[in-house]
>>> print(open('target.cif').read())   # mmCIF, C-alpha atoms and all ligand atoms
data_coords
loop_
_atom_site.group_PDB
_atom_site.id
_atom_site.type_symbol
_atom_site.label_atom_id
_atom_site.label_comp_id
_atom_site.auth_asym_id
_atom_site.auth_seq_id
_atom_site.Cartn_x
_atom_site.Cartn_y
_atom_site.Cartn_z
ATOM 1 C CA MET A 30 -16.356 -7.993 7.926
ATOM 2 C CA ARG A 31 -14.577 -8.259 11.276
ATOM 3 C CA SER A 32 -13.323 -5.007 12.767
ATOM 4 C CA SER A 33 -9.704 -6.246 12.674
ATOM 5 C CA GLU A 34 -9.800 -6.634 8.924
ATOM 6 C CA LYS A 35 -8.466 -3.752 6.908
ATOM 7 C CA PRO A 36 -10.301 -2.275 3.956
ATOM 8 C CA GLU A 37 -9.057 -3.739 0.710
ATOM 9 C CA VAL A 38 -7.709 -0.424 -0.542
ATOM 10 C CA LEU A 39 -5.298 -0.205 2.398
ATOM 11 C CA LEU A 40 -4.039 -3.746 1.854
ATOM 12 C CA HIS A 41 -3.191 -2.881 -1.720
ATOM 13 C CA LEU A 42 -1.310 0.207 -0.620
ATOM 14 C CA GLU A 43 0.805 -1.823 1.796
ATOM 15 C CA GLU A 44 1.676 -4.258 -0.946
ATOM 16 C CA MET A 45 2.894 -1.381 -3.077
ATOM 17 C CA LEU A 46 5.483 -0.319 -0.511
ATOM 18 C CA SER A 47 8.852 -1.822 -1.361
ATOM 19 C CA PRO A 48 10.558 -4.003 1.296
ATOM 20 C CA VAL A 49 12.920 -1.105 1.981
ATOM 21 C CA ARG A 50 10.084 1.344 2.600
ATOM 22 C CA GLN A 51 8.240 -1.189 4.717
ATOM 23 C CA LEU A 52 11.340 -1.611 6.884
ATOM 24 C CA LEU A 53 11.816 2.135 7.327
ATOM 25 C CA LYS A 54 8.152 2.557 8.169
ATOM 26 C CA ALA A 55 8.198 -0.325 10.659
ATOM 27 C CA HIS A 56 11.076 1.339 12.524
ATOM 28 C CA SER A 57 9.560 4.830 12.407
ATOM 29 C CA LEU A 58 12.289 6.190 10.166
ATOM 30 C CA ARG A 59 11.788 8.935 7.645
ATOM 31 C CA ARG A 60 12.540 8.011 4.069
ATOM 32 C CA THR A 61 15.752 9.518 2.710
ATOM 33 C CA ALA A 62 17.660 8.550 -0.414
ATOM 34 C CA ILE A 63 20.718 7.330 1.508
ATOM 35 C CA ARG A 64 18.653 5.261 3.951
ATOM 36 C CA GLU A 65 16.853 3.542 1.089
ATOM 37 C CA GLN A 66 20.116 2.922 -0.785
ATOM 38 C CA VAL A 67 21.893 1.492 2.265
ATOM 39 C CA LEU A 68 18.979 -0.794 3.123
ATOM 40 C CA ASN A 69 18.854 -1.989 -0.461
ATOM 41 C CA VAL A 70 22.475 -3.112 -0.235
ATOM 42 C CA PHE A 71 21.763 -4.991 3.017
ATOM 43 C CA LEU A 72 18.749 -6.713 1.450
ATOM 44 C CA GLN A 73 20.663 -7.705 -1.683
ATOM 45 C CA ARG A 74 23.881 -8.944 -0.057
ATOM 46 C CA LYS A 75 22.420 -11.225 2.622
ATOM 47 C CA GLU A 76 25.743 -10.970 4.438
ATOM 48 C CA ALA A 77 27.404 -8.503 6.775
ATOM 49 C CA VAL A 78 28.783 -5.341 5.179
ATOM 50 C CA SER A 79 31.284 -2.748 6.384
ATOM 51 C CA GLN A 80 31.125 0.987 5.870
ATOM 52 C CA SER A 81 33.743 0.724 3.115
ATOM 53 C CA ASP A 82 31.697 -2.019 1.363
ATOM 54 C CA LEU A 83 28.772 0.392 1.377
ATOM 55 C CA GLU A 84 30.922 3.266 0.133
ATOM 56 C CA GLN A 85 31.965 1.157 -2.838
ATOM 57 C CA ALA A 86 28.486 -0.180 -3.549
ATOM 58 C CA LEU A 87 26.926 3.270 -3.452
ATOM 59 C CA GLY A 88 29.575 5.168 -5.418
ATOM 60 C CA HIS A 89 31.178 6.912 -2.455
ATOM 61 C CA PRO A 90 28.444 8.934 -0.802
ATOM 62 C CA ASP A 91 29.244 11.452 1.942
ATOM 63 C CA ARG A 92 31.087 9.493 4.657
ATOM 64 C CA ILE A 93 29.602 11.301 7.629
ATOM 65 C CA THR A 94 26.075 10.815 6.321
ATOM 66 C CA LEU A 95 26.760 7.131 5.736
ATOM 67 C CA TYR A 96 28.263 6.756 9.218
ATOM 68 C CA ARG A 97 25.234 8.433 10.798
ATOM 69 C CA THR A 98 22.850 6.322 8.744
ATOM 70 C CA LEU A 99 24.474 3.130 10.028
ATOM 71 C CA ARG A 100 24.394 4.344 13.631
ATOM 72 C CA THR A 101 20.732 5.322 13.295
ATOM 73 C CA PHE A 102 19.903 1.914 11.837
ATOM 74 C CA GLU A 103 21.752 0.238 14.691
ATOM 75 C CA GLU A 104 19.913 2.323 17.278
ATOM 76 C CA LYS A 105 16.526 1.683 15.701
ATOM 77 C CA GLY A 106 16.977 -2.085 15.505
ATOM 78 C CA LEU A 107 17.481 -2.414 11.757
ATOM 79 C CA VAL A 108 21.083 -3.612 11.727
ATOM 80 C CA HIS A 109 23.437 -5.124 14.311
ATOM 81 C CA ARG A 110 27.192 -5.483 14.591
ATOM 82 C CA ALA A 111 28.486 -8.713 13.136
ATOM 83 C CA ILE A 112 31.668 -9.246 15.144
ATOM 84 C CA ASP A 113 33.825 -11.644 13.118
ATOM 85 C CA GLY A 114 37.239 -11.478 14.758
ATOM 86 C CA THR A 115 38.723 -9.164 12.128
ATOM 87 C CA ASP A 116 39.422 -5.474 12.671
ATOM 88 C CA LYS A 117 36.710 -4.577 10.166
ATOM 89 C CA LEU A 118 33.448 -3.423 11.700
ATOM 90 C CA LYS A 119 30.584 -5.038 9.840
ATOM 91 C CA PHE A 120 26.849 -4.737 10.160
ATOM 92 C CA ALA A 121 24.112 -7.185 9.248
ATOM 93 C CA LEU A 122 20.382 -6.874 8.810
ATOM 94 C CA CYS A 123 18.393 -7.663 11.948
ATOM 95 C CA SER A 124 15.599 -10.160 12.209
ATOM 96 C CA SER A 125 12.124 -8.719 12.628
ATOM 97 C CA GLY A 126 12.290 -9.136 16.414
ATOM 98 C CA CYS A 127 14.621 -6.162 16.915
ATOM 99 C CA SER A 128 13.363 -2.728 17.810
ATOM 100 C CA HIS A 129 14.540 0.626 19.144
ATOM 101 C CA HIS A 130 17.487 -0.010 21.547
ATOM 102 C CA LYS A 131 16.427 -3.632 21.840
ATOM 103 C CA HIS A 132 18.360 -6.109 19.751
ATOM 104 C CA GLN A 133 17.709 -9.805 19.827
ATOM 105 C CA ASP A 134 20.477 -10.998 17.565
ATOM 106 C CA GLN A 135 21.979 -13.416 20.043
ATOM 107 C CA HIS A 136 23.433 -15.596 17.308
ATOM 108 C CA ALA A 137 26.891 -16.586 16.160
ATOM 109 C CA HIS A 138 28.599 -15.026 13.157
ATOM 110 C CA GLY A 139 30.476 -17.134 10.667
ATOM 111 C CA HIS A 140 33.607 -15.782 9.032
ATOM 112 C CA CYS A 141 34.942 -17.391 5.869
ATOM 113 C CA GLU A 142 38.729 -17.572 5.848
ATOM 114 C CA HIS A 143 38.737 -17.829 2.046
ATOM 115 C CA CYS A 144 36.613 -14.930 0.816
ATOM 116 C CA GLY A 145 36.370 -13.009 4.074
ATOM 117 C CA ARG A 146 32.594 -12.745 4.074
ATOM 118 C CA THR A 147 30.711 -12.716 7.343
ATOM 119 C CA ILE A 148 27.261 -14.214 7.729
ATOM 120 C CA CYS A 149 24.661 -14.409 10.492
ATOM 121 C CA MET A 150 24.208 -17.898 11.869
ATOM 122 C CA GLU A 151 20.595 -17.797 12.928
ATOM 123 C CA GLY A 152 19.891 -20.774 15.113
ATOM 124 C CA VAL A 153 23.392 -20.934 16.605
ATOM 125 C CA TRP A 154 22.626 -19.099 19.794
ATOM 126 C CA LEU A 155 24.964 -17.567 22.324
ATOM 127 C CA PRO A 156 25.072 -19.076 25.806
ATOM 128 C CA GLU A 157 23.268 -17.030 28.447
ATOM 129 C CA LEU A 158 25.883 -15.951 30.962
ATOM 130 C CA GLN A 159 25.283 -13.700 33.939
ATOM 131 C CA SER A 160 28.690 -13.833 35.525
ATOM 132 C CA VAL A 161 31.758 -16.018 35.273
ATOM 133 C CA ASP A 162 34.147 -16.173 38.258
ATOM 134 C CA GLY A 163 32.919 -12.812 39.467
ATOM 135 C CA PHE A 164 33.226 -11.341 36.027
ATOM 136 C CA GLN A 165 30.092 -9.448 35.098
ATOM 137 C CA VAL A 166 29.130 -10.247 31.553
ATOM 138 C CA LYS A 167 27.959 -7.336 29.417
ATOM 139 C CA SER A 168 28.147 -8.831 25.986
ATOM 140 C CA THR A 169 29.158 -12.121 24.447
ATOM 141 C CA PHE A 170 30.245 -12.877 20.905
ATOM 142 C CA LEU A 171 30.487 -16.177 19.159
ATOM 143 C CA ILE A 172 32.601 -16.348 16.029
ATOM 144 C CA VAL A 173 32.675 -19.396 13.816
ATOM 145 C CA GLN A 174 35.753 -19.504 11.586
ATOM 146 C CA GLY A 175 35.691 -21.697 8.531
ATOM 147 C CA VAL A 176 34.842 -21.933 4.855
ATOM 148 C CA CYS A 177 31.515 -20.661 3.515
ATOM 149 C CA SER A 178 29.312 -22.875 1.345
ATOM 150 C CA ASP A 179 30.231 -21.035 -1.888
ATOM 151 C CA CYS A 180 33.961 -21.375 -1.247
ATOM 152 C CA GLY A 181 33.436 -24.968 -0.122
ATOM 153 C CA LYS A 182 31.846 -25.815 -3.484
ATOM 154 C CA ARG A 183 34.583 -24.012 -5.389
ATOM 155 C CA ILE A 184 37.275 -25.928 -3.521
ATOM 156 C CA ALA A 185 35.455 -29.215 -4.098
ATOM 157 C CA THR A 186 35.227 -28.699 -7.887
ATOM 158 C CA LYS A 187 38.940 -27.838 -8.134
ATOM 159 C CA LYS A 188 39.955 -31.210 -6.734
HETATM 160 ZN ZN ZN B 201 19.080 -6.472 15.930
HETATM 161 ZN ZN ZN B 202 33.850 -17.893 1.341
HETATM 162 ZN ZN ZN B 203 23.950 -11.384 12.784
#
>>> encode(input="target.cif", output="structure tokens", more="lines below")
Ligand SMILES: [Zn+2]
Ligand SMILES: [Zn+2]
Ligand SMILES: [Zn+2]
Amino acid sequence: MRSSEKPEVLLHLEEMLSPVRQLLKAHSLRRTAIREQVLNVFLQRKEAVSQSDLEQALGHPDRITLYRTLRTFEEKGLVHRAIDGTDKLKFALCSSGCSHHKHQDQHAHGHCEHCGRTICMEGVWLPELQSVDGFQVKSTFLIVQGVCSDCGKRIATKK
């Protein structure tokens, strides 16, 4: 057995941890009920969610706790802001490359004008800008407005 290989017992234990617990562990976050619940929603939805979406999904938990949970997740590299051009602040699950204070979600976000959902467009990357006409760039957002695939199908079958 090579020294890098883990004993079989440990491998089994890791398998037993749910995706949610694995994520919390990977970002050095203590397990709390609200953290697990919020992460579960992010894993199930596969789209960006706002604080009010989470309030509804979780049966209206304490707002301050929910707010702090989202901010902690953002700080720890679990979720990022999905700017979609609306006045609703939404968050989306990060890719595995994000860590504490270091996000790598330099992708566009697509906003469906039919159902209002916002999705991460992995693979549509933001241009790297240092400065434009003396303007120092701090952050860049790329929003793609259109019709999501679900709505597209629905529209197509109505015709
Ligand atoms: Zn991130
Ligand atoms: Zn849609
Ligand atoms: Zn995203």
>>> residues_near_ligand(input="target.cif", ligand="ligand ZN 201 (chain B)", cutoff="10 Å", atoms="all atoms listed in the file", output="PyMOL selection string")
chain A and resi 102-110+120-135
>>> closest_atom_pairs(input="target.cif", of="chain A", to="ligand ZN 202 (chain B)", cutoff="12 Å", atoms="all atoms listed in the file", output="tab-separated table")
residue	atom	partner	partner_atom	distance
A:Glu76	CA	B:ZN202	ZN	11.1
A:Gly139	CA	B:ZN202	ZN	9.9
A:His140	CA	B:ZN202	ZN	8.0
A:Cys141	CA	B:ZN202	ZN	4.7
A:Glu142	CA	B:ZN202	ZN	6.6
A:His143	CA	B:ZN202	ZN	4.9
A:Cys144	CA	B:ZN202	ZN	4.1
A:Gly145	CA	B:ZN202	ZN	6.1
A:Arg146	CA	B:ZN202	ZN	6.0
A:Thr147	CA	B:ZN202	ZN	8.5
A:Ile148	CA	B:ZN202	ZN	9.9
A:Gln174	CA	B:ZN202	ZN	10.5
A:Gly175	CA	B:ZN202	ZN	8.3
A:Val176	CA	B:ZN202	ZN	5.4
A:Cys177	CA	B:ZN202	ZN	4.2
A:Ser178	CA	B:ZN202	ZN	6.7
A:Asp179	CA	B:ZN202	ZN	5.8
A:Cys180	CA	B:ZN202	ZN	4.3
A:Gly181	CA	B:ZN202	ZN	7.2
A:Lys182	CA	B:ZN202	ZN	9.5
A:Arg183	CA	B:ZN202	ZN	9.1
A:Ile184	CA	B:ZN202	ZN	10.0
>>> atom_distance(input="target.cif", atom1="CA of Thr186 (chain A)", atom2="CA of Lys75 (chain A)")
24.1 Å
>>> residues_around(input="target.cif", residues="region 159-173 of chain A", least_positions_apart="6", cutoff="6 Å", atoms="all atoms listed in the file", output="list in words")
Asp113, Ala137, His138 and Gly139 of chain A
>>> atom_distance(input="target.cif", atom1="CA of Phe71 (chain A)", atom2="CA of Pro156 (chain A)")
27.0 Å
>>> axis_aligned_box(input="target.cif", around="region 155-167 of chain A", padding_each_side="3 Å", output="JSON")
{"center_x": 28.7, "center_y": -13.2, "center_z": 30.9, "size_x": 16.9, "size_y": 17.7, "size_z": 23.1}
>>> resolve_selection(input="target.cif", expression="the PyMOL selection byres (((chain A and resi 96) around 12) and not hetatm)", output="compact mmCIF listing (two decimals) with C-alpha atoms, in the frame of the given file")
# COMPACT_ATOMS: atom_id res chain seq x y z
CA ILE A 63 20.72 7.33 1.51
CA ARG A 64 18.65 5.26 3.95
CA VAL A 67 21.89 1.49 2.26
CA SER A 79 31.28 -2.75 6.38
CA GLN A 80 31.12 0.99 5.87
CA SER A 81 33.74 0.72 3.12
CA LEU A 83 28.77 0.39 1.38
CA GLU A 84 30.92 3.27 0.13
CA PRO A 90 28.44 8.93 -0.80
CA ASP A 91 29.24 11.45 1.94
CA ARG A 92 31.09 9.49 4.66
CA ILE A 93 29.60 11.30 7.63
CA THR A 94 26.08 10.82 6.32
CA LEU A 95 26.76 7.13 5.74
CA ARG A 97 25.23 8.43 10.80
CA THR A 98 22.85 6.32 8.74
CA LEU A 99 24.47 3.13 10.03
CA ARG A 100 24.39 4.34 13.63
CA THR A 101 20.73 5.32 13.30
CA PHE A 102 19.90 1.91 11.84
CA GLU A 103 21.75 0.24 14.69
CA LEU A 118 33.45 -3.42 11.70
CA PHE A 120 26.85 -4.74 10.16
>>> atom_distance(input="target.cif", atom1="CA of Lys54 (chain A)", atom2="CA of Gly88 (chain A)")
25.5 Å
>>> closest_residue(input="target.cif", among="A:Thr115, A:Ala86, A:Val153, A:Lys187", to="Gln73 (chain A)", atoms="all atoms listed in the file")
A:Ala86
